[in-house]
$ cat structure.pdb   # PDB, C-alpha atoms
MODEL        1
ATOM      1  CA  MET A   5      -3.290   1.903 -37.397
ATOM      2  CA  LYS A   6      -3.356   1.639 -33.620
ATOM      3  CA  ILE A   7      -0.782  -0.269 -31.613
ATOM      4  CA  ASP A   8      -1.864  -1.117 -28.071
ATOM      5  CA  MET A   9       1.231  -1.626 -25.934
ATOM      6  CA  LYS A  10      -0.603  -1.625 -22.623
ATOM      7  CA  GLN A  11      -2.379  -4.959 -22.989
ATOM      8  CA  PRO A  12       0.718  -7.114 -23.675
ATOM      9  CA  ILE A  13       2.511  -5.423 -20.754
ATOM     10  CA  LEU A  14      -0.379  -6.109 -18.398
ATOM     11  CA  GLN A  15      -0.742  -9.704 -19.607
ATOM     12  CA  LYS A  16       2.917 -10.409 -18.830
ATOM     13  CA  ASN A  17       2.593  -8.638 -15.493
ATOM     14  CA  ASP A  18      -0.550 -10.590 -14.561
ATOM     15  CA  ALA A  19       1.096 -13.918 -15.407
ATOM     16  CA  ILE A  20       3.969 -13.234 -13.005
ATOM     17  CA  ALA A  21       1.518 -11.893 -10.417
ATOM     18  CA  ALA A  22      -0.415 -15.163 -10.557
ATOM     19  CA  GLU A  23       2.791 -17.091  -9.883
ATOM     20  CA  LEU A  24       3.566 -14.812  -6.950
ATOM     21  CA  ARG A  25       0.057 -15.163  -5.531
ATOM     22  CA  ALA A  26       0.368 -18.948  -5.576
ATOM     23  CA  ARG A  27       3.760 -18.700  -3.929
ATOM     24  CA  PHE A  28       2.470 -16.418  -1.195
ATOM     25  CA  ALA A  29      -0.520 -18.705  -0.599
ATOM     26  CA  GLU A  30       1.752 -21.720  -0.304
ATOM     27  CA  HIS A  31       3.672 -20.018   2.503
ATOM     28  CA  HIS A  32       0.578 -18.408   4.083
ATOM     29  CA  VAL A  33       1.965 -14.901   3.633
ATOM     30  CA  PHE A  34      -0.390 -11.932   3.387
ATOM     31  CA  VAL A  35       0.774  -9.216   1.000
ATOM     32  CA  LEU A  36      -0.457  -5.641   1.315
ATOM     33  CA  ASP A  37       0.075  -3.139  -1.505
ATOM     34  CA  LEU A  38      -0.036   0.453  -0.201
ATOM     35  CA  LEU A  39      -0.935   3.112  -2.763
ATOM     36  CA  ALA A  40      -0.587   6.843  -2.135
ATOM     37  CA  SER A  41       0.884  10.056  -3.449
ATOM     38  CA  PRO A  42       4.244  11.445  -2.275
ATOM     39  CA  GLY A  43       4.044  13.050   1.147
ATOM     40  CA  SER A  44       0.919  11.230   2.277
ATOM     41  CA  GLY A  45       2.772   9.457   5.070
ATOM     42  CA  LYS A  46       3.163   5.964   3.622
ATOM     43  CA  THR A  47       6.345   5.222   5.519
ATOM     44  CA  SER A  48       5.064   6.660   8.801
ATOM     45  CA  THR A  49       1.907   4.573   8.385
ATOM     46  CA  ILE A  50       4.007   1.470   7.765
ATOM     47  CA  LEU A  51       6.115   2.175  10.857
ATOM     48  CA  ALA A  52       2.997   2.652  12.994
ATOM     49  CA  THR A  53       1.509  -0.556  11.572
ATOM     50  CA  ILE A  54       4.684  -2.489  12.301
ATOM     51  CA  ASP A  55       4.696  -1.188  15.860
ATOM     52  CA  ALA A  56       1.103  -2.367  16.329
ATOM     53  CA  LEU A  57       1.532  -5.824  14.795
ATOM     54  CA  ARG A  58       5.134  -6.916  15.279
ATOM     55  CA  ASP A  59       4.421  -8.837  18.491
ATOM     56  CA  GLU A  60       2.053 -11.159  16.624
ATOM     57  CA  PHE A  61       3.392 -11.303  13.066
ATOM     58  CA  ASN A  62       6.737 -11.564  11.325
ATOM     59  CA  ILE A  63       6.796  -8.654   8.899
ATOM     60  CA  ALA A  64       8.907  -7.581   5.925
ATOM     61  CA  VAL A  65       8.655  -4.471   3.763
ATOM     62  CA  ILE A  66       9.306  -3.936   0.066
ATOM     63  CA  GLU A  67      10.026  -0.266  -0.639
ATOM     64  CA  GLY A  68       9.343   1.144  -4.085
ATOM     65  CA  ASP A  69      10.906   4.470  -5.050
ATOM     66  CA  ILE A  70      12.088   6.133  -8.207
ATOM     67  CA  ALA A  71      15.443   6.658  -6.465
ATOM     68  CA  SER A  72      17.158   6.507  -3.032
ATOM     69  CA  ASN A  73      16.854   4.056  -0.151
ATOM     70  CA  VAL A  74      15.867   6.493   2.603
ATOM     71  CA  ASP A  75      12.584   4.788   3.476
ATOM     72  CA  ALA A  76      14.073   1.288   3.487
ATOM     73  CA  GLU A  77      16.738   2.423   5.940
ATOM     74  CA  LYS A  78      14.037   3.754   8.284
ATOM     75  CA  ILE A  79      12.352   0.348   8.222
ATOM     76  CA  LYS A  80      15.598  -1.551   8.772
ATOM     77  CA  ALA A  81      16.358   0.674  11.749
ATOM     78  CA  GLN A  82      13.304  -0.885  13.426
ATOM     79  CA  GLY A  83      14.747  -4.379  13.009
ATOM     80  CA  ILE A  84      12.429  -5.251  10.110
ATOM     81  CA  ALA A  85      13.609  -6.863   6.885
ATOM     82  CA  ALA A  86      13.330  -4.371   4.029
ATOM     83  CA  VAL A  87      14.097  -4.673   0.326
ATOM     84  CA  GLN A  88      14.534  -1.530  -1.742
ATOM     85  CA  ILE A  89      13.332  -1.352  -5.353
ATOM     86  CA  ASN A  90      14.453   1.675  -7.343
ATOM     87  CA  THR A  91      12.396   1.924 -10.529
ATOM     88  CA  GLY A  92      14.748   4.340 -12.272
ATOM     89  CA  GLY A  93      11.910   6.606 -13.343
ATOM     90  CA  ALA A  94       8.974   4.221 -13.618
ATOM     91  CA  CYS A  95       5.896   5.525 -11.800
ATOM     92  CA  HIS A  96       4.803   2.156 -10.384
ATOM     93  CA  LEU A  97       5.966  -1.260  -9.271
ATOM     94  CA  GLU A  98       5.436  -4.313 -11.456
ATOM     95  CA  SER A  99       5.174  -7.969 -10.534
ATOM     96  CA  ALA A 100       8.585  -8.781 -12.033
ATOM     97  CA  MET A 101      10.149  -6.277  -9.641
ATOM     98  CA  ILE A 102       8.310  -7.839  -6.704
ATOM     99  CA  LYS A 103       9.469 -11.293  -7.757
ATOM    100  CA  ARG A 104      13.112 -10.195  -7.593
ATOM    101  CA  ALA A 105      12.552  -8.634  -4.178
ATOM    102  CA  VAL A 106      10.754 -11.693  -2.817
ATOM    103  CA  ASP A 107      13.626 -13.924  -3.886
ATOM    104  CA  VAL A 108      15.795 -12.387  -1.148
ATOM    105  CA  LEU A 109      13.157 -12.808   1.563
ATOM    106  CA  ASP A 110      12.592 -15.937   3.649
ATOM    107  CA  LEU A 111       8.882 -16.540   3.040
ATOM    108  CA  GLU A 112       8.791 -19.474   5.424
ATOM    109  CA  ARG A 113       9.438 -17.088   8.318
ATOM    110  CA  LEU A 114       7.037 -14.318   7.257
ATOM    111  CA  ASP A 115       3.369 -13.652   7.914
ATOM    112  CA  LEU A 116       2.995 -10.220   6.324
ATOM    113  CA  ILE A 117       4.740  -8.331   3.525
ATOM    114  CA  ILE A 118       3.928  -4.655   3.171
ATOM    115  CA  VAL A 119       4.674  -3.179  -0.240
ATOM    116  CA  GLU A 120       5.130   0.579  -0.338
ATOM    117  CA  ASN A 121       4.366   1.385  -3.946
ATOM    118  CA  VAL A 122       5.808   4.368  -5.781
ATOM    119  CA  GLY A 123       4.048   7.606  -4.867
ATOM    120  CA  ASN A 124       1.447   7.928  -7.608
ATOM    121  CA  LEU A 125      -2.359   7.887  -7.747
ATOM    122  CA  VAL A 126      -2.728   6.617 -11.324
ATOM    123  CA  CYS A 127      -0.248   4.040 -12.651
ATOM    124  CA  PRO A 128      -0.112   1.553  -9.729
ATOM    125  CA  THR A 129      -3.839   0.830  -9.933
ATOM    126  CA  ASP A 130      -3.431  -1.217 -13.123
ATOM    127  CA  PHE A 131      -0.625  -3.488 -11.973
ATOM    128  CA  ASP A 132      -1.336  -6.670 -10.037
ATOM    129  CA  LEU A 133       1.579  -7.533  -7.747
ATOM    130  CA  GLY A 134       0.160 -10.805  -6.461
ATOM    131  CA  GLU A 135      -1.073  -8.958  -3.388
ATOM    132  CA  ASN A 136      -3.974  -9.943  -1.170
ATOM    133  CA  ALA A 137      -5.199  -6.361  -0.875
ATOM    134  CA  LYS A 138      -4.524  -2.874  -2.135
ATOM    135  CA  VAL A 139      -5.047  -0.081   0.390
ATOM    136  CA  MET A 140      -5.127   3.633  -0.385
ATOM    137  CA  ILE A 141      -3.594   6.262   1.905
ATOM    138  CA  LEU A 142      -4.668   9.884   1.600
ATOM    139  CA  SER A 143      -3.471  12.656   3.891
ATOM    140  CA  VAL A 144      -5.607  15.611   4.949
ATOM    141  CA  PRO A 145      -3.276  18.252   3.416
ATOM    142  CA  GLU A 146      -3.824  16.706  -0.046
ATOM    143  CA  GLY A 147      -7.460  17.811  -0.071
ATOM    144  CA  ASP A 148     -10.878  16.172   0.068
ATOM    145  CA  ASP A 149     -11.332  16.254  -3.725
ATOM    146  CA  LYS A 150      -8.878  13.460  -4.545
ATOM    147  CA  PRO A 151     -11.585  10.768  -4.955
ATOM    148  CA  LEU A 152     -13.158  12.950  -7.648
ATOM    149  CA  LYS A 153      -9.852  13.521  -9.431
ATOM    150  CA  TYR A 154      -8.429   9.999  -9.086
ATOM    151  CA  PRO A 155     -11.408   7.640  -8.808
ATOM    152  CA  GLY A 156      -9.549   4.552 -10.002
ATOM    153  CA  VAL A 157      -7.270   4.229  -6.987
ATOM    154  CA  PHE A 158     -10.203   4.489  -4.589
ATOM    155  CA  GLN A 159     -12.178   1.912  -6.547
ATOM    156  CA  VAL A 160      -9.444  -0.752  -6.341
ATOM    157  CA  ALA A 161      -8.709  -0.149  -2.650
ATOM    158  CA  GLU A 162     -10.083  -2.622  -0.128
ATOM    159  CA  ALA A 163      -9.658   0.016   2.571
ATOM    160  CA  VAL A 164      -8.825   3.709   2.731
ATOM    161  CA  VAL A 165      -6.554   5.241   5.358
ATOM    162  CA  LEU A 166      -7.060   8.953   5.962
ATOM    163  CA  ASN A 167      -3.772  10.077   7.471
ATOM    164  CA  LYS A 168      -2.773  13.254   9.319
ATOM    165  CA  VAL A 169      -6.249  13.812  10.759
ATOM    166  CA  ASP A 170      -4.583  15.813  13.519
ATOM    167  CA  THR A 171      -4.165  18.590  10.923
ATOM    168  CA  LEU A 172      -7.895  18.880  10.175
ATOM    169  CA  PRO A 173      -8.210  22.169  12.104
ATOM    170  CA  VAL A 174      -5.486  23.695   9.910
ATOM    171  CA  PHE A 175      -6.619  22.649   6.432
ATOM    172  CA  ASN A 176      -9.837  23.258   4.534
ATOM    173  CA  PHE A 177     -10.716  19.568   4.341
ATOM    174  CA  ASP A 178     -14.391  18.594   4.126
ATOM    175  CA  ARG A 179     -14.354  15.191   5.764
ATOM    176  CA  GLU A 180     -18.050  14.490   5.125
ATOM    177  CA  ALA A 181     -17.655  15.288   1.422
ATOM    178  CA  PHE A 182     -14.550  13.104   1.233
ATOM    179  CA  GLU A 183     -16.238  10.125   2.866
ATOM    180  CA  ALA A 184     -19.331  10.550   0.686
ATOM    181  CA  SER A 185     -17.166  10.509  -2.452
ATOM    182  CA  VAL A 186     -15.351   7.383  -1.299
ATOM    183  CA  ARG A 187     -18.650   5.642  -0.476
ATOM    184  CA  GLN A 188     -19.978   6.421  -3.927
ATOM    185  CA  LEU A 189     -16.899   4.930  -5.600
ATOM    186  CA  ASN A 190     -16.373   2.034  -3.215
ATOM    187  CA  PRO A 191     -19.279   1.336  -0.827
ATOM    188  CA  THR A 192     -17.596  -1.587   0.928
ATOM    189  CA  ALA A 193     -14.191  -0.074   1.724
ATOM    190  CA  PRO A 194     -13.772   0.940   5.374
ATOM    191  CA  ILE A 195     -12.195   4.343   6.039
ATOM    192  CA  PHE A 196      -9.658   4.544   8.858
ATOM    193  CA  PRO A 197      -8.818   8.048  10.143
ATOM    194  CA  ILE A 198      -5.347   8.049  11.682
ATOM    195  CA  ALA A 199      -2.468  10.276  12.702
ATOM    196  CA  ALA A 200       0.382   7.852  12.043
ATOM    197  CA  THR A 201       3.167   9.789  13.718
ATOM    198  CA  LYS A 202       1.109  10.158  16.903
ATOM    199  CA  GLY A 203      -0.506   6.728  16.866
ATOM    200  CA  ASP A 204      -4.058   8.062  16.853
ATOM    201  CA  GLY A 205      -6.513   5.653  15.195
ATOM    202  CA  VAL A 206      -3.799   3.136  14.318
ATOM    203  CA  GLU A 207      -5.253   0.410  16.528
ATOM    204  CA  GLU A 208      -8.494   0.179  14.544
ATOM    205  CA  TRP A 209      -6.622   0.074  11.226
ATOM    206  CA  ALA A 210      -4.160  -2.502  12.548
ATOM    207  CA  THR A 211      -6.998  -4.657  13.883
ATOM    208  CA  TRP A 212      -8.608  -4.756  10.436
ATOM    209  CA  LEU A 213      -5.316  -5.761   8.849
ATOM    210  CA  ALA A 214      -4.533  -8.339  11.533
ATOM    211  CA  GLU A 215      -7.859 -10.048  10.932
ATOM    212  CA  ARG A 216      -7.017 -10.332   7.248
ATOM    213  CA  VAL A 217      -3.587 -11.783   7.984
ATOM    214  CA  ARG A 218      -4.972 -14.336  10.420
ATOM    215  CA  ALA A 219      -7.591 -15.429   7.901
ATOM    216  CA  ILE A 220      -4.977 -16.936   5.605
TER
ENDMDL
END

$ encode --input "structure.pdb" --output "structure tokens"
Amino acid sequence: MKIDMKQPILQKNDAIAAELRARFAEHHVFVLDLLASPGSGKTSTILATIDALRDEFNIAVIEGDIASNVDAEKIKAQGIAAVQINTGGACHLESAMIKRAVDVLDLERLDLIIVENVGNLVCPTDFDLGENAKVMILSVPEGDDKPLKYPGVFQVAEAVVLNKVDTLPVFNFDREAFEASVRQLNPTAPIFPIAATKGDGVEEWATWLAERVRAI
């Protein structure tokens, strides 16, 4: 006898995600779900993105972590609304968690919500959060073989951000091999090389995102 617990969980998650998507559409809010492993520079990428877009868009951030509120405090320090979700051990965010976070945000005043998912390259790929796009962040120190080891996250991403490119001279990272692997898994996803803490390449990434936000 086989009991499949995953399907009922995903069905419940998808139902709430559909409600959220309709709610976001009603208020013309673009929701970005950022997927990455710990240490990839998710928060620094978010801060650089905020800096590039805050003059045009009203932005809020939903921070997902197993514990602590360190990242949310960094966002709040920039004058941006941030809601912290602590999963208590869960390796991903779910739509029910997002719904609770959204309830404390003023959607009528927002254009863009950035969701920083829990650092994990497997679990978050299966869970719809009602987002408009999932984007994958990989940092150079993590290695160029990650698309081969974790293909699912690259397949669901509408764009890939390659962070910490300023460290390429230090690490044995084959950029051509990495890009070829991504193209094989996801031919349509643009790849944005950036150094978030220095601002290098952020403008091109932010322009892509801004066009998506304006479109809704």

$ closest_residue --input "structure.pdb" --among "A:Phe34, A:Phe175, A:Phe182, A:Trp209" --to "Asn136 of chain A" --atoms "all atoms listed in the file"
A:Phe34

$ resolve_selection --input "structure.pdb" --expression "the PyMOL selection byres ((chain A and resi 197) around 7)" --output "PDB file with C-alpha atoms, in the coordinates of the input"
ATOM      1  CA  VAL A 165      -6.554   5.241   5.358  1.00  0.00           C
ATOM      2  CA  LEU A 166      -7.060   8.953   5.962  1.00  0.00           C
ATOM      3  CA  ASN A 167      -3.772  10.077   7.471  1.00  0.00           C
ATOM      4  CA  VAL A 169      -6.249  13.812  10.759  1.00  0.00           C
ATOM      5  CA  ILE A 195     -12.195   4.343   6.039  1.00  0.00           C
ATOM      6  CA  PHE A 196      -9.658   4.544   8.858  1.00  0.00           C
ATOM      7  CA  ILE A 198      -5.347   8.049  11.682  1.00  0.00           C
ATOM      8  CA  GLY A 205      -6.513   5.653  15.195  1.00  0.00           C
TER       9      GLY A 205
END

$ atom_distance --input "structure.pdb" --atom1 "atom CA of Pro145 of chain A" --atom2 "atom CA of Val157 of chain A"
17.9 Å

$ closest_atom_pairs --input "structure.pdb" --of "segment 16-101 of chain A" --to "segment 109-132 of chain A" --cutoff "9 Å" --atoms "all atoms listed in the file" --output "CSV"
residue,atom,partner,partner_atom,distance
A:Asn17,CA,A:Asp132,CA,7.0
A:Asp18,CA,A:Asp132,CA,6.0
A:Ile20,CA,A:Asp132,CA,8.9
A:Ala21,CA,A:Asp132,CA,6.0
A:Ala22,CA,A:Asp132,CA,8.6
A:Arg27,CA,A:Leu111,CA,8.9
A:Phe28,CA,A:Leu111,CA,7.7
A:His31,CA,A:Glu112,CA,5.9
A:His32,CA,A:Asp115,CA,6.7
A:Val33,CA,A:Asp115,CA,4.7
A:Phe34,CA,A:Leu116,CA,4.8
A:Val35,CA,A:Ile117,CA,4.8
A:Leu36,CA,A:Ile118,CA,4.9
A:Asp37,CA,A:Val119,CA,4.8
A:Leu38,CA,A:Glu120,CA,5.2
A:Leu39,CA,A:Asn121,CA,5.7
A:Ala40,CA,A:Gly123,CA,5.4
A:Ser41,CA,A:Gly123,CA,4.2
A:Pro42,CA,A:Gly123,CA,4.6
A:Gly43,CA,A:Gly123,CA,8.1
A:Ser44,CA,A:Gly123,CA,8.6
A:Lys46,CA,A:Glu120,CA,7.0
A:Thr47,CA,A:Glu120,CA,7.6
A:Ile50,CA,A:Ile118,CA,7.7
A:Phe61,CA,A:Asp115,CA,5.7
A:Asn62,CA,A:Leu114,CA,4.9
A:Ile63,CA,A:Leu116,CA,4.9
A:Ala64,CA,A:Ile117,CA,4.9
A:Val65,CA,A:Ile118,CA,4.8
A:Ile66,CA,A:Val119,CA,4.7
A:Glu67,CA,A:Glu120,CA,5.0
A:Gly68,CA,A:Asn121,CA,5.0
A:Asp69,CA,A:Val122,CA,5.2
A:Ile70,CA,A:Val122,CA,7.0
A:Ala85,CA,A:Leu109,CA,8.0
A:Ala86,CA,A:Leu109,CA,8.8
A:Val87,CA,A:Leu109,CA,8.3
A:Thr91,CA,A:Val122,CA,8.5
A:Ala94,CA,A:Val122,CA,8.5
A:Cys95,CA,A:Val122,CA,6.1
A:His96,CA,A:Pro128,CA,5.0
A:Leu97,CA,A:Asn121,CA,6.2
A:Glu98,CA,A:Phe131,CA,6.1
A:Ser99,CA,A:Asp132,CA,6.7

$ closest_atom_pairs --input "structure.pdb" --of "segment 109-150 of chain A" --to "segment 199-203 of chain A" --cutoff "12 Å" --atoms "all atoms listed in the file" --output "CSV"
residue,atom,partner,partner_atom,distance
A:Ile141,CA,A:Ala200,CA,11.0
A:Leu142,CA,A:Ala199,CA,11.3
A:Ser143,CA,A:Ala199,CA,9.2
A:Val144,CA,A:Ala199,CA,9.9

$ residues_around --input "structure.pdb" --residues "Arg187 of chain A" --least-positions-apart "5" --cutoff "10 Å" --atoms "all atoms listed in the file" --output "list in words"
Pro151, Phe158, Gln159, Ala181, Phe182, Thr192, Ala193, Pro194 and Ile195 of chain A

$ atom_distance --input "structure.pdb" --atom1 "atom CA of Thr211 of chain A" --atom2 "atom CA of Pro155 of chain A"
26.2 Å

$ atom_distance --input "structure.pdb" --atom1 "atom CA of Ile220 of chain A" --atom2 "atom CA of Ala26 of chain A"
12.6 Å

$ residues_around --input "structure.pdb" --residues "Phe177 of chain A" --least-positions-apart "5" --cutoff "7 Å" --atoms "all atoms listed in the file" --output "CSV table (one decimal) with C-alpha atoms, in the frame of the given file"
chain,number,residue,atom,x,y,z
A,144,VAL,CA,-5.6,15.6,4.9
A,147,GLY,CA,-7.5,17.8,-0.1
A,148,ASP,CA,-10.9,16.2,0.1
A,172,LEU,CA,-7.9,18.9,10.2

$ axis_aligned_box --input "structure.pdb" --around "segment 118-122 of chain A" --padding-each-side "8 Å" --output "AutoDock Vina command-line options"
--center_x 4.9 --center_y -0.1 --center_z -1.3 --size_x 17.9 --size_y 25.0 --size_z 25.0

$ closest_residue --input "structure.pdb" --among "A:Ile54, A:Val160, A:Val217, A:Val186" --to "Lys80 of chain A" --atoms "all atoms listed in the file"
A:Ile54

$ closest_residue --input "structure.pdb" --among "A:Ser185, A:Ala29, A:Leu24, A:Asp170" --to "Arg104 of chain A" --atoms "only C-alpha atoms"
A:Leu24

$ closest_residue --input "structure.pdb" --among "A:Gln88, A:Ala81, A:Arg218, A:Asp75" --to "Gly45 of chain A" --atoms "all atoms listed in the file"
A:Asp75

$ decode --input "structure.pdb" --residues "segment 108-121 of chain A" --atoms "N, CA and C atoms" --output "mmCIF file, in the first residue's frame"
data_model
loop_
_atom_site.group_PDB
_atom_site.id
_atom_site.type_symbol
_atom_site.label_atom_id
_atom_site.label_comp_id
_atom_site.auth_asym_id
_atom_site.auth_seq_id
_atom_site.Cartn_x
_atom_site.Cartn_y
_atom_site.Cartn_z
ATOM 1 N N VAL A 108 -0.902 41.666 6.154
ATOM 2 C CA VAL A 108 -0.411 42.832 6.906
ATOM 3 C C VAL A 108 0.199 43.887 5.984
ATOM 4 N N LEU A 109 0.134 43.642 4.679
ATOM 5 C CA LEU A 109 0.636 44.616 3.712
ATOM 6 C C LEU A 109 -0.517 45.375 3.066
ATOM 7 N N ASP A 110 -0.273 46.606 2.676
ATOM 8 C CA ASP A 110 -1.272 47.430 2.009
ATOM 9 C C ASP A 110 -1.083 47.272 0.498
ATOM 10 N N LEU A 111 -1.794 46.332 -0.098
ATOM 11 C CA LEU A 111 -1.618 46.027 -1.514
ATOM 12 C C LEU A 111 -1.964 47.208 -2.411
ATOM 13 N N GLU A 112 -2.881 48.040 -1.965
ATOM 14 C CA GLU A 112 -3.285 49.173 -2.789
ATOM 15 C C GLU A 112 -2.130 50.161 -3.019
ATOM 16 N N ARG A 113 -1.137 50.123 -2.156
ATOM 17 C CA ARG A 113 -0.022 51.063 -2.271
ATOM 18 C C ARG A 113 1.234 50.419 -2.847
ATOM 19 N N LEU A 114 1.151 49.144 -3.231
ATOM 20 C CA LEU A 114 2.340 48.421 -3.689
ATOM 21 C C LEU A 114 2.308 48.143 -5.186
ATOM 22 N N ASP A 115 3.486 48.097 -5.765
ATOM 23 C CA ASP A 115 3.655 47.693 -7.163
ATOM 24 C C ASP A 115 4.394 46.357 -7.271
ATOM 25 N N LEU A 116 5.275 46.103 -6.316
ATOM 26 C CA LEU A 116 6.154 44.936 -6.391
ATOM 27 C C LEU A 116 6.356 44.336 -5.004
ATOM 28 N N ILE A 117 6.163 43.026 -4.905
ATOM 29 C CA ILE A 117 6.507 42.283 -3.693
ATOM 30 C C ILE A 117 7.592 41.279 -4.061
ATOM 31 N N ILE A 118 8.699 41.362 -3.361
ATOM 32 C CA ILE A 118 9.786 40.404 -3.553
ATOM 33 C C ILE A 118 9.753 39.402 -2.411
ATOM 34 N N VAL A 119 9.641 38.140 -2.754
ATOM 35 C CA VAL A 119 9.635 37.067 -1.761
ATOM 36 C C VAL A 119 11.013 36.414 -1.743
ATOM 37 N N GLU A 120 11.679 36.476 -0.611
ATOM 38 C CA GLU A 120 12.940 35.755 -0.456
ATOM 39 C C GLU A 120 12.625 34.405 0.163
ATOM 40 N N ASN A 121 12.632 33.377 -0.676
ATOM 41 C CA ASN A 121 12.285 32.046 -0.205
ATOM 42 C C ASN A 121 13.392 31.490 0.682
#
